[in-house]
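Trainee: Have a look at this one before I ask anything.
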Protein chains: 2
Amino acid sequence: MTVDAVVFGYSRMDGVSLLLIKRKYDPFKGSWAIPGGFVLDDESLEDAVERELQEETGLRINYLEQLYTFGKPERDPRSRIVSVAYFGLVKSTQFQKLRATTDAEEAAWFTFKKLPKLAFDHKKILNVSIERLRGKITYQPIGFELLDKKFPFSDLEHLYGSLLGRPIDRRNFKKKVMSMGILDELDEKAKSTGAGRPGSLFQFNKATYDRLLKNGMHFEI
Amino acid sequence: MTVDAVVFGYSRMDGVSLLLIKRKYDPFKGSWAIPGGFVLDDESLEDAVERELQEETGLRINYLEQLYTFGKPERDPRSRIVSVAYFGLVKSTQFQKLRATTDAEEAAWFTFKKLPKLAFDHKKILNVSIERLRGKITYQPIGFELLDKKFPFSDLEHLYGSLLGRPIDRRNFKKKVMSMGILDELDEKAKSTGAGRPGSLFQFNKATYDRLLKNGMHFEI
DNA sequence: GCAAAAGTGTTGGGCCTACACCCATGC
DNA sequence: GCATGGGTGTAGGCCCAACACTTTTGC
């Protein structure tokens, strides 16, 4: 029994990126792989994921959900190993921090366009994750988990645009999101990035979202 | 490592029902439980589910997908056992057939209103399944997997009505489903049930559905 | 003929899409 | 002042929800 964690991060520069580690031991020593490892006898699957991520990358994730369990008898060359894959998101602020420790020579972020070859069946696991992420952002407000606590509206727009792979109409998108009433507009402007007019900062209001959910509200982009 | 299979069936009489077995051995000997068992060393998780179902109930399922993996250390009193739960649907024709064999004294269908107390954490597994089923029928055409190959339109309507727990407008529902173009109307009438006018029979056209999917069609009820 | 279920259209309102110009800032 | 990105409103069309009477069958 192992757990693996497909962790996504986001930055305005690079768009959505994937967290990988370089394997320090055989099999696949030196290959890039999704972080993960064996589940201890007395820990839950979620605890195992968070422990492994902490050990291998030093990152603390912000959102975690179970993705899928991969159990083909031949998926690991050592022996029969079933892996429960999780799907995680980190806030943009955490995006830079990375620390290499005992189980991995290195950990790094990769954009989808510059992915290295992955160990085991991790490419397959990644594909399932990307599909899940793409699907899920349209009916659950998980996009906010990738942004800072306070963010300019254009960050959200760029995130959705890059994930959905199609241009988004700025006016319509903002109208739709704001009409849900789950974003608070702050009395604060983003600091200028050197070009263009700074926008207001926004903040996801989870309390309001939960309340609206209970009353039958339906998030959809 | 075990697998468990939450299997749903449907009949016009009883609505949606759940397949359970009576446990023949400890722990929970004599309790009703979701069918399942240990995964063999050289078989895939899916093969294990189908084998266990065949052994315990004699039923062959028509639709199977992975649901969730339950791995709390304390979920099984014997030892640390992680269970991959699957979610299955059987056609209405298969609904009656049941055979009790080696691992279970008995196997039977239960409606949600008459559920017995379940072994292990199976109640929790069931709840996740029901949620998945309710959610999924609105955006994937899995409802047809519960009906016969040929069915009167009202069966589909009753199925959706009972799963969604709200009345369905017959005219609007039929308009919507038929406009997707994934149902063929046959030159054949349902045999009379003793009351009311018999309706035409319909058949789900998977080939058409797959073709439309590729072209970006979006199933939604 | 009566009870039970199947079949069938229209309309009004709301929502979604398409679309372009001005504003604030840094250099 | 110019380049860059932020902010904003409207109109037309489409889709969806609401709604009731007639037809066929068994008894």
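So you can find residues: chains in the structure tokens are A, B, ... in the order shown, residues in each start at 1, and ligands are numbered from 1 in order.
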Write down as a ChimeraX atom specification the residues belonging to chain B that are assigned alpha helix (DSSP H) by DSSP computed on the backbone.
Mentor: /B:45-57,122-136,153-164,170-180,206-214
Trainee: Show me, as JSON lines, the residues of chain A having an atom within 9 Å of chain B, each with the closest atom pair and its distance in Å, using only C-alpha atoms.
Mentor:
```
{"residue": "A:Met1", "atom": "CA", "partner": "B:Met1", "partner_atom": "CA", "distance": 8.4}
{"residue": "A:Asp41", "atom": "CA", "partner": "B:Arg80", "partner_atom": "CA", "distance": 6.8}
{"residue": "A:Asp42", "atom": "CA", "partner": "B:Pro73", "partner_atom": "CA", "distance": 5.8}
{"residue": "A:Glu43", "atom": "CA", "partner": "B:Pro73", "partner_atom": "CA", "distance": 6.3}
{"residue": "A:Ser44", "atom": "CA", "partner": "B:Lys72", "partner_atom": "CA", "distance": 5.0}
{"residue": "A:Leu45", "atom": "CA", "partner": "B:Gly71", "partner_atom": "CA", "distance": 6.0}
{"residue": "A:Glu46", "atom": "CA", "partner": "B:Gly71", "partner_atom": "CA", "distance": 8.9}
{"residue": "A:Gln66", "atom": "CA", "partner": "B:Tyr68", "partner_atom": "CA", "distance": 7.6}
{"residue": "A:Leu67", "atom": "CA", "partner": "B:Tyr68", "partner_atom": "CA", "distance": 8.2}
{"residue": "A:Tyr68", "atom": "CA", "partner": "B:Tyr68", "partner_atom": "CA", "distance": 7.1}
{"residue": "A:Thr69", "atom": "CA", "partner": "B:Thr69", "partner_atom": "CA", "distance": 7.0}
{"residue": "A:Phe70", "atom": "CA", "partner": "B:Leu45", "partner_atom": "CA", "distance": 8.4}
{"residue": "A:Gly71", "atom": "CA", "partner": "B:Leu45", "partner_atom": "CA", "distance": 6.0}
{"residue": "A:Lys72", "atom": "CA", "partner": "B:Ser44", "partner_atom": "CA", "distance": 5.1}
{"residue": "A:Pro73", "atom": "CA", "partner": "B:Asp42", "partner_atom": "CA", "distance": 5.8}
{"residue": "A:Glu74", "atom": "CA", "partner": "B:Asp42", "partner_atom": "CA", "distance": 8.6}
{"residue": "A:Arg80", "atom": "CA", "partner": "B:Asp41", "partner_atom": "CA", "distance": 6.8}
{"residue": "A:Val82", "atom": "CA", "partner": "B:Met1", "partner_atom": "CA", "distance": 8.6}
{"residue": "A:Val84", "atom": "CA", "partner": "B:Thr69", "partner_atom": "CA", "distance": 7.4}
```
Trainee: Got a sec to pull out which chain D residues are within 9 Å of chain B, counting only C-alpha atoms (C1' of nucleotides), and send them as a ChimeraX atom specification?
Mentor: /D:16-17,23-27
Trainee: Assign secondary structure with DSSP using the backbone only, and return the residues of stretch 14-100 of chain A in strand (DSSP E) as JSON, numbers by chain.
Mentor: {"A": [15, 16, 17, 18, 19, 20, 21, 22, 23, 32, 33, 36, 37, 38, 63, 64, 65, 66, 67, 68, 69, 70, 83, 84, 85, 86, 87, 88, 89]}
Trainee: Please, which residues of chain C lie no more than 6 Å from chain B when the count uses only C-alpha atoms (C1' of nucleotides), and can they be set out as a PyMOL selection string?
Mentor: chain C and resi 4-6
